[in-house]
Every structure is written in structure tokens, then in C-alpha cells.
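Student: First the structure, which I've put down as C-alpha cells, then a few questions once you've had a look.
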Amino acid sequence: MISHVLPTYNRAPLSFDRGEGSWAIAADGTRYLDLGSGIAVNVLGHANPALVEALTAQAGRIWHVSNLYQIPEQERLAAMLVDKTFADTVFFTNSGTEAAELAIKMVRKYWDHADQPDRTEILTFEGAFHGRSTGAIAASGGDKMVKGFGPLMPGFRHLPWGDIDAIEAAVTDRTAALMIEPVQGEGGIRPLPDADLRRIREICDRTGTLLILDEVQCGMGRTGRLFAHEYAGITPDVMMVAKGIGGGFPLGAVLATGAAAAGMVAGTHGSTYGGNPLACAVGAKVMDIVADDAFLAEVNRKGALFRQKLEGLVAAHPDVFEGVRGLGLMLGLKCRAAPADLVKACYAQQILTVPAGDNTLRLLPPLNIEDAEIAEAVERLDRAAGSLAA
Ligand SMILES: *Cc1c(COP(=O)(O)O)cnc(C)c1O
């Protein structure tokens with residue numbers, strides 16, 4: 001008989017009753033060091049007092065109205081995002097998938113608005129993950145995600161990851177946009193070199209193609225910059241954000257230049273919950289803390305510390321690991337085999353990690369993880385790797 005909860009996940013036999021900072025705590029009191037952060041979501045850890053205060057203060061005032069009205073909390077967060085990024089305008093969603101949907105709609109509308117309605121094709125990349133809606137799976141294109149769900153939304157073309165010459169060759173007068181993660185998350189913590197991102201920007205500029213960056217996983221301070229593309233010194237036309245932006249409260253956003261958003265006039269898009277006062281009150285507090293140079297410098301310092309210790313771990317277990325990759329606190333351990341057994345061995349050491357594609361184990365700790373917790377994490381990873389070899 002089917003489970004009451006639709007069985008679309010292979011769930012581990014673990015559940016958590018509460019959390020404190022970097023720790024998720026089971027009902028029996030067992031403490032797990034959380035290096036997954038709900039997949040790059042809890043950027044400030046569990047039960048962060050500043051976020052609890054922002055949420056409960058807002059909960060006591062007003063939870064939900066409608067986008068039929070002005071929402072001051074939403075305007076405030078939009079102004080903060082515009083102030084800290086390339087963007088002129090923001091639309092709030094409840095998830096990354098919804099951000100993908102709007103990004104797709106926006107770039108198509110842009111070309112329709114520019115009297116070139118045939119420019120509809122969107123170039124995406126192998127190993128990409130953009131979400132689970134019909135549009136987002138068509139954009140992502142992985143067999144596991146699309147099989148049986150056809151006919152897929154047309155208009156996507158998948159290019160080999162990191163092959164800039166293939167992009168050059170694929171752009172035609174039908175190309176609307178290019179959609180790419182600056183650091184692939186689900187694909188296995190694969191950063192695109194800065195030089196490649198600059199070449200992509202140059203190709204887009206030359207051909208008029210819009211550049212959509214999916215920073216749902218790599219954004220919001222995760223890589224040590226507020227957004228990962230800042231390392232390359234380029235800006236996108238449209239950017240998808242979610243995961244970390246709500247610190248655990250469901251929130252996403254599409255950021256865009258005024259030019260890219262030109263066709264999105266009243267009535268062209270909407271959302272019942274998107275940008276509701278609760279979500280935006282929490283989002284503004286997350287921005288307050290994360291979009292701060294001193295905070296981001298700490299993310300970089302901790303990322304470097306973690307990475308250095310992980311290099312030692314790899315050297316100690318060459319039979320299990322091939323190497324370390326990633327940026328800031330978006331780290332991946334490239335394994336010799338699929339990391340499912342290692343994830344289980346980590347549970348036995350009370351440590352939460354997340355598998356990804358390309359035989360990679362993801363480490364996405366809270367951005368405010370402490371140095372002692374990083375040391376503890378590597379000791380536990382060492383024991384987990386040792387238990388596998390044995
Ligand atoms: C998680 C993710 C999404 C989808 O976000 P949801 O909130 O799960 O809908 C899209 N893009 C990237 C890069 C992601 O990591």
C-alpha cells in the first residue's frame with residue numbers, strides 16, 4: 001500500500017525535533033552536526049535568535065494580505081536586493097522552481113515585447129538543476145527527472161557543461177537566453193571558471209542573448225560573495241534566487257534589470273503567497289546579516305579552513321576520495337564511487353551530508369558554523385570514511 005506521504009523521496013530513517021545553530025537534534029536527544037542545512041537553506045543555522053525574533057514579531061502583526069495591496073515588508077526587501085546587486089526590480093516567489101518559471105516567462109516576454117517573438121529558445125547545460133515544474137524539468141533535462149512526464153515544454157537545448165565553444169556555435173537568431181548555474185549544485189559542486197563566465201557574458205552581449213543565472217543554491221553568501229557571479233566581475237540580466245534567502249522560511253525571488261523585465265507589465269505574472277509579509281520579514285533579516293562585508297569575509301575564511309582540512313582528509317583516504325572542490329562554504333568531496341554509502345556512514349557518525357551528481361558528497365554547512373564545528377565535522381568525516389574502508 002502506498003504511504004500517506006507520496007513516496008517520491010528515498011528518506012533516511014532519521015527525524016529531528018529541534019535545532020540549535022549547526023546542530024539538528026532528534027527526539028531522543030541525539031545531536032547531528034548538520035552539514036546539509038536543508039540543502040543550502042538554513043544559512044544562519046537552526047533557530048537563529050535574530051530570525052526567530054523577525055518571524056514572531058511579524059507573526060504578531062500580520063501574516064498574509066495579497067499582492068493586490070502594497071506590502072511594505074516586500075518593498076523593503078526588494079530595495080535591499082536592488083541596493084546590493086545588479087538588479088533594478090524583484091519579483092518574490094515561494095521556491096526556486098517558481099523563480100525558474102518566471103525567468104523563462106520573462107525572457108520570452110522580452111523578445112515578444114521587442115517584436116521578435118520567434119526568439120524563444122533557451123540554452124541550458126548538462127547536469128543542470130533548475131527545479132521540478134514542467135518548465136524547470138524541461139530546462140534541466142536529466143533523464144531521471146523528465147522520463148514519463150512528456151510531452152516536455154519545447155524550446156530548450158542542452159549543451160555540454162562548461163563547453164563555451166558549444167555555446168558560441170549554438171546561439172542563433174532564435175536564441176532568447178542562456179540559463180546557467182555559476183556553480184552547479186545538484187550536478188556535483190562544479191564551479192564555472194571566472195574566465196568562462198566572462199566569455200559567456202561577452203557572447204550574450206554580442207548576440208543580444210539574455211543571461212539568466214540560477215543562483216538558487218550558490219547565492220546568498222554561500223560562496224563567500226553575496227552572489228557567485230561577483231567573482232567573475234560580470235552581471236546577469238535575470239537571476240533566480242531561493243534556498244538561503246529565507247534562512248529556512250520558504251522564499252524565492254527573480255531579480256532583473258529594468259530592460260530584461262520590460263515586458264512584465266500588470267497582469268503578466270502573479271502569485272498568491274509570493275512575497276508575503278512573513279517571508280519578507282525573515283528575508284530582510286537574512287539580508288541584514290548576510291549581505292555584510294565582514295560576514296562574507298568570515299564565510300571565506302571558514303571556507304578556506306574547511307577546505308584545507310578536507311584536503312588532509314582526502315590525502316588520508318585516497319581509496320574513498322579523489323579531491324575537494326567548490327567555493328566558500330559550498331564544498332564538494334569528489335568520491336571514487338557514488339556517495340550513497342558514505343552518506344549512510346556519516347549518519348552513523350551523527351553528521352548530515354548531501355549526495356550530488358558526479359560522485360560528489362556535498363558539504364553545505366550554515367554560513368555561521370564555528371571553527372570548532374568545522375574541526376569536529378572533519379574528524380567525523382574521517383571516521384565515516386574509515387568505516388567504509390573497513
Ligand atoms: C534547489 C534548486 C532549484 C529548485 O528550487 P526549489 O526551491 O526546490 O524549487 C533550482 N535551481 C537550483 C540551482 C537549485 O539548487
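Quick note on naming: the chains in the C-alpha cells go A, B, ... in the order shown, residues restart at 1 in each chain, and ligands are numbered from 1 in order of appearance.
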For ligand 1, list the contacting residues at 10 Å or closer, counting only C-alpha atoms and all ligand atoms, as a VMD selection string.
Tutor: chain A and resid 39 to 41 93 to 101 128 to 133 136 to 137 140 180 to 187 213 to 219 240 to 244 250 to 252
Student: Could the residues in this selection be saved with N, CA and C atoms as a CSV table (one decimal), in the first residue's frame?
Tutor:
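Done, and the output landed in out24.csv:
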```csv
chain,number,residue,atom,x,y,z
A,39,ILE,N,19.7,21.5,2.5
A,39,ILE,CA,20.2,21.7,1.2
A,39,ILE,C,20.4,23.2,1.0
A,40,ALA,N,21.4,23.8,1.6
A,40,ALA,CA,21.8,25.2,1.4
A,40,ALA,C,20.8,26.2,1.8
A,41,VAL,N,19.9,25.8,2.7
A,41,VAL,CA,18.8,26.7,3.1
A,41,VAL,C,19.0,27.5,4.4
A,93,THR,N,8.9,34.9,-5.1
A,93,THR,CA,8.3,33.6,-5.2
A,93,THR,C,8.4,32.8,-3.9
A,94,ASN,N,7.9,31.6,-3.9
A,94,ASN,CA,8.0,30.7,-2.7
A,94,ASN,C,9.1,29.7,-2.9
A,95,SER,N,9.7,29.6,-4.0
A,95,SER,CA,10.7,28.5,-4.2
A,95,SER,C,11.5,28.8,-5.4
A,96,GLY,N,12.6,28.0,-5.6
A,96,GLY,CA,13.5,28.1,-6.7
A,96,GLY,C,12.8,27.8,-8.0
A,97,THR,N,11.9,26.7,-8.0
A,97,THR,CA,11.2,26.3,-9.2
A,97,THR,C,10.4,27.4,-9.7
A,98,GLU,N,9.7,28.1,-8.8
A,98,GLU,CA,8.8,29.2,-9.3
A,98,GLU,C,9.7,30.3,-9.9
A,99,ALA,N,10.9,30.5,-9.3
A,99,ALA,CA,11.8,31.5,-9.9
A,99,ALA,C,12.2,31.1,-11.3
A,100,ALA,N,12.4,29.8,-11.5
A,100,ALA,CA,12.8,29.3,-12.9
A,100,ALA,C,11.6,29.6,-13.8
A,101,GLU,N,10.4,29.3,-13.4
A,101,GLU,CA,9.2,29.6,-14.2
A,101,GLU,C,9.2,31.0,-14.7
A,128,ALA,N,22.6,20.3,-15.2
A,128,ALA,CA,21.9,21.4,-14.5
A,128,ALA,C,20.7,20.9,-13.7
A,129,PHE,N,20.4,21.7,-12.7
A,129,PHE,CA,19.1,21.5,-11.9
A,129,PHE,C,18.5,22.9,-11.8
A,130,HIS,N,17.3,23.0,-12.3
A,130,HIS,CA,16.5,24.3,-12.2
A,130,HIS,C,15.2,24.1,-11.5
A,131,GLY,N,14.8,22.9,-11.1
A,131,GLY,CA,13.6,22.7,-10.4
A,131,GLY,C,12.7,21.6,-11.0
A,132,ARG,N,11.5,21.5,-10.5
A,132,ARG,CA,10.7,20.3,-10.7
A,132,ARG,C,9.4,20.6,-11.5
A,133,SER,N,9.1,21.8,-11.8
A,133,SER,CA,7.9,22.1,-12.6
A,133,SER,C,8.1,21.6,-14.0
A,136,ALA,N,10.7,23.7,-15.6
A,136,ALA,CA,12.0,23.6,-15.0
A,136,ALA,C,12.6,22.2,-15.3
A,137,ILE,N,11.8,21.1,-15.4
A,137,ILE,CA,12.4,19.8,-15.8
A,137,ILE,C,12.8,19.9,-17.3
A,140,SER,N,16.1,21.6,-17.2
A,140,SER,CA,17.1,20.8,-16.6
A,140,SER,C,17.5,19.6,-17.5
A,180,ILE,N,22.2,29.3,-16.7
A,180,ILE,CA,23.3,28.5,-16.1
A,180,ILE,C,23.5,28.8,-14.7
A,181,GLU,N,23.9,27.8,-13.9
A,181,GLU,CA,24.3,27.9,-12.5
A,181,GLU,C,25.8,28.3,-12.5
A,182,PRO,N,26.2,29.4,-11.9
A,182,PRO,CA,27.7,29.7,-11.8
A,182,PRO,C,28.4,28.6,-11.1
A,183,VAL,N,27.8,27.9,-10.1
A,183,VAL,CA,28.4,26.7,-9.5
A,183,VAL,C,27.2,25.7,-9.5
A,184,GLN,N,27.4,24.6,-10.3
A,184,GLN,CA,26.4,23.6,-10.3
A,184,GLN,C,26.3,22.9,-8.9
A,185,GLY,N,25.1,22.8,-8.4
A,185,GLY,CA,24.9,22.2,-7.1
A,185,GLY,C,24.6,20.8,-7.2
A,186,GLU,N,23.3,20.4,-7.6
A,186,GLU,CA,22.9,19.0,-7.8
A,186,GLU,C,23.9,18.3,-8.7
A,187,GLY,N,24.4,19.0,-9.7
A,187,GLY,CA,25.3,18.4,-10.7
A,187,GLY,C,26.7,18.0,-10.1
A,213,LEU,N,21.2,33.8,-14.7
A,213,LEU,CA,22.0,33.0,-13.7
A,213,LEU,C,21.1,32.4,-12.7
A,214,ASP,N,21.2,31.0,-12.5
A,214,ASP,CA,20.5,30.4,-11.4
A,214,ASP,C,21.4,30.3,-10.2
A,215,GLU,N,21.2,31.2,-9.3
A,215,GLU,CA,21.9,31.3,-8.0
A,215,GLU,C,21.1,30.8,-6.9
A,216,VAL,N,20.2,29.9,-7.1
A,216,VAL,CA,19.3,29.4,-6.1
A,216,VAL,C,20.1,28.7,-5.0
A,217,GLN,N,21.1,27.9,-5.4
A,217,GLN,CA,22.0,27.2,-4.5
A,217,GLN,C,23.2,27.9,-4.1
A,218,CYS,N,23.9,28.5,-5.1
A,218,CYS,CA,25.2,29.1,-4.9
A,218,CYS,C,25.1,30.6,-4.4
A,219,GLY,N,23.9,31.2,-4.4
A,219,GLY,CA,23.8,32.6,-4.0
A,219,GLY,C,23.6,32.7,-2.5
A,240,MET,N,17.9,34.0,-10.7
A,240,MET,CA,17.0,33.2,-9.8
A,240,MET,C,17.6,33.1,-8.5
A,241,VAL,N,16.9,33.3,-7.4
A,241,VAL,CA,17.4,33.2,-6.0
A,241,VAL,C,16.3,32.4,-5.3
A,242,ALA,N,16.7,31.6,-4.3
A,242,ALA,CA,15.7,31.0,-3.4
A,242,ALA,C,16.6,30.4,-2.2
A,243,LYS,N,16.3,29.1,-1.8
A,243,LYS,CA,17.0,28.4,-0.8
A,243,LYS,C,17.5,29.4,0.4
A,244,GLY,N,18.7,29.9,0.4
A,244,GLY,CA,19.2,30.6,1.5
A,244,GLY,C,18.5,31.9,1.8
A,250,PRO,N,10.1,29.5,3.5
A,250,PRO,CA,10.0,29.4,2.0
A,250,PRO,C,10.0,30.8,1.4
A,251,LEU,N,11.0,31.1,0.5
A,251,LEU,CA,11.1,32.3,-0.2
A,251,LEU,C,12.0,32.2,-1.3
A,252,GLY,N,11.6,32.8,-2.4
A,252,GLY,CA,12.5,32.8,-3.6
A,252,GLY,C,12.3,34.2,-4.3
```
Student: For stretch 79-153 of chain A against stretch 289-310 of chain A, with a cut-off of 10 Å and counting only C-alpha atoms, what is the closest atom pair and its distance in Å to one decimal for every residue that makes the cut, ordered by chain and number, as JSON lines?
Tutor:
```
{"residue": "A:Met80", "atom": "CA", "partner": "A:Ala291", "partner_atom": "CA", "distance": 9.1}
{"residue": "A:Leu81", "atom": "CA", "partner": "A:Ala291", "partner_atom": "CA", "distance": 9.2}
{"residue": "A:Lys84", "atom": "CA", "partner": "A:Ala291", "partner_atom": "CA", "distance": 7.5}
```
Student: Since we have the selection now, will you write its residues out, keeping C-alpha atoms, as an mmCIF file, in the first residue's frame?
Tutor:
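Heads up, here's the output in selection.cif:
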```cif
data_model
loop_
_atom_site.group_PDB
_atom_site.id
_atom_site.type_symbol
_atom_site.label_atom_id
_atom_site.label_comp_id
_atom_site.auth_asym_id
_atom_site.auth_seq_id
_atom_site.Cartn_x
_atom_site.Cartn_y
_atom_site.Cartn_z
ATOM 1 C CA MET A 80 17.782 45.797 -0.126
ATOM 2 C CA LEU A 81 18.310 43.351 -3.001
ATOM 3 C CA LYS A 84 23.287 45.104 -3.213
#
```
Student: Write out as a ChimeraX atom specification the residues lying within 7 Å of stretch 378-382 of chain A, counting only C-alpha atoms and excluding same-chain residues fewer than 2 positions away.
Tutor: /A:309-310,313,346,349,374-376,384-386
Student: Considering only C-alpha atoms, state which residue in the set A:Pro277, A:Gly233, A:Pro365, A:Pro318 is at the smallest distance from A:Tyr69.
Tutor: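 Ranking A:Pro277, A:Gly233, A:Pro365, A:Pro318 by distance to A:Tyr69, first place goes to A:Pro277.
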Student: Identify all residues of stretch 140-224 of chain A in strand (DSSP E or B) (DSSP on the backbone) and supply them as number ranges by chain.
Tutor: A: 156-159, 175-180, 183-184, 190-191, 210-214
Student: Include C-alpha atoms and write out the residues we just selected as a PDB file, in the first residue's frame.
Tutor:
```pdb
ATOM      1  CA  PHE A 156      15.275  24.137 -24.535  1.00  0.00           C
ATOM      2  CA  ARG A 157      18.608  22.956 -25.839  1.00  0.00           C
ATOM      3  CA  HIS A 158      21.136  21.262 -23.554  1.00  0.00           C
ATOM      4  CA  LEU A 159      24.821  21.858 -24.108  1.00  0.00           C
ATOM      5  CA  THR A 175      18.040  32.103 -29.043  1.00  0.00           C
ATOM      6  CA  ALA A 176      16.249  34.038 -26.317  1.00  0.00           C
ATOM      7  CA  ALA A 177      18.510  33.334 -23.366  1.00  0.00           C
ATOM      8  CA  LEU A 178      21.141  31.192 -21.756  1.00  0.00           C
ATOM      9  CA  MET A 179      20.380  29.752 -18.293  1.00  0.00           C
ATOM     10  CA  ILE A 180      23.266  28.541 -16.146  1.00  0.00           C
ATOM     11  CA  VAL A 183      28.370  26.717  -9.519  1.00  0.00           C
ATOM     12  CA  GLN A 184      26.364  23.581 -10.310  1.00  0.00           C
ATOM     13  CA  ARG A 190      31.089  22.231 -10.223  1.00  0.00           C
ATOM     14  CA  PRO A 191      32.161  25.902 -10.395  1.00  0.00           C
ATOM     15  CA  LEU A 210      19.813  37.383 -22.245  1.00  0.00           C
ATOM     16  CA  LEU A 211      21.861  35.783 -19.474  1.00  0.00           C
ATOM     17  CA  ILE A 212      19.866  34.060 -16.714  1.00  0.00           C
ATOM     18  CA  LEU A 213      21.969  32.967 -13.744  1.00  0.00           C
ATOM     19  CA  ASP A 214      20.480  30.351 -11.434  1.00  0.00           C
TER      20      ASP A 214
END
```
Student: May I have the residues within 10 Å of A:Asp88 as a CSV table (one decimal) with N, CA, C and O atoms, in the first residue's frame, using only C-alpha atoms and disregarding those fewer than 4 positions away in the same chain?
Tutor:
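Final output, selection02.csv:
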```
chain,number,residue,atom,x,y,z
A,78,ALA,N,12.9,44.1,-1.4
A,78,ALA,CA,13.3,44.4,-2.8
A,78,ALA,C,14.3,45.5,-2.8
A,78,ALA,O,15.3,45.4,-3.6
A,79,ALA,N,14.1,46.5,-2.1
A,79,ALA,CA,15.1,47.7,-2.1
A,79,ALA,C,16.4,47.2,-1.6
A,79,ALA,O,17.5,47.6,-2.2
A,81,LEU,N,17.7,44.2,-1.9
A,81,LEU,CA,18.3,43.4,-3.0
A,81,LEU,C,18.8,44.2,-4.2
A,81,LEU,O,19.9,44.0,-4.7
A,82,VAL,N,18.0,45.2,-4.5
A,82,VAL,CA,18.4,46.1,-5.6
A,82,VAL,C,19.7,46.9,-5.2
A,82,VAL,O,20.6,47.0,-6.0
A,83,ASP,N,19.7,47.3,-4.0
A,83,ASP,CA,20.9,48.1,-3.5
A,83,ASP,C,22.2,47.2,-3.6
A,83,ASP,O,23.2,47.8,-3.8
A,237,ASP,N,21.4,39.3,-16.7
A,237,ASP,CA,20.2,40.2,-17.0
A,237,ASP,C,19.0,39.8,-16.1
A,237,ASP,O,18.2,40.6,-15.7
A,255,LEU,N,15.4,38.4,-9.8
A,255,LEU,CA,16.0,39.7,-9.9
A,255,LEU,C,16.2,40.0,-11.3
A,255,LEU,O,16.7,39.1,-12.1
A,256,ALA,N,16.0,41.2,-11.8
A,256,ALA,CA,16.2,41.5,-13.2
A,256,ALA,C,16.6,43.0,-13.4
A,256,ALA,O,16.3,43.8,-12.6
A,257,THR,N,17.2,43.2,-14.6
A,257,THR,CA,17.4,44.6,-15.0
A,257,THR,C,16.1,45.2,-15.5
A,257,THR,O,15.2,44.4,-15.9
A,258,GLY,N,16.0,46.5,-15.5
A,258,GLY,CA,14.7,47.1,-16.0
A,258,GLY,C,14.5,46.7,-17.4
A,258,GLY,O,13.4,46.4,-17.9
A,259,ALA,N,15.6,46.6,-18.2
A,259,ALA,CA,15.5,46.3,-19.6
A,259,ALA,C,14.9,44.9,-19.8
A,259,ALA,O,14.0,44.6,-20.6
A,260,ALA,N,15.5,43.9,-19.1
A,260,ALA,CA,15.1,42.5,-19.2
A,260,ALA,C,13.6,42.3,-18.8
A,260,ALA,O,12.9,41.5,-19.3
A,261,ALA,N,13.2,43.1,-17.9
A,261,ALA,CA,11.8,43.0,-17.3
A,261,ALA,C,10.8,43.8,-18.1
A,261,ALA,O,9.6,43.9,-17.6
```
Student: For A:Ile167, which residue out of A:Met145, A:Leu363, A:Ile122, A:Ala279 is the nearest one, using only C-alpha atoms?
Tutor: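 Nearest to A:Ile167: A:Ile122.
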Student: Name all residues at most 7 Å from A:Asn42 (count only C-alpha atoms; drop same-chain ones fewer than 2 positions away) and give them as a list in words.
Tutor: Ser37, Gly38, Ala40, Leu44, Gly45, His46, Gly244, Gly247, Gly248 and Pro366 of chain A
Student: Restricting it to C-alpha atoms, dump the selection as a PDB file, in the first residue's frame.
Tutor:
```pdb
ATOM      1  CA  SER A  37      21.485  22.924   6.048  1.00  0.00           C
ATOM      2  CA  GLY A  38      18.312  21.545   4.484  1.00  0.00           C
ATOM      3  CA  ALA A  40      21.830  25.159   1.426  1.00  0.00           C
ATOM      4  CA  LEU A  44      22.212  31.078   9.692  1.00  0.00           C
ATOM      5  CA  GLY A  45      21.712  27.661  11.257  1.00  0.00           C
ATOM      6  CA  HIS A  46      18.723  26.343  13.178  1.00  0.00           C
ATOM      7  CA  GLY A 244      19.226  30.599   1.507  1.00  0.00           C
ATOM      8  CA  GLY A 247      17.002  31.172   6.017  1.00  0.00           C
ATOM      9  CA  GLY A 248      14.514  28.272   6.254  1.00  0.00           C
ATOM     10  CA  PRO A 366      25.377  27.016   7.921  1.00  0.00           C
TER      11      PRO A 366
END
```
Student: Please, which residues of stretch 27-256 of chain A, numbered as in this document, come out alpha helix (DSSP H) from DSSP, as an MDAnalysis selection string?
Tutor: chainID A and resid 37:40 49:59 72:84 96:113 134:140 143:146 164:170 194:207
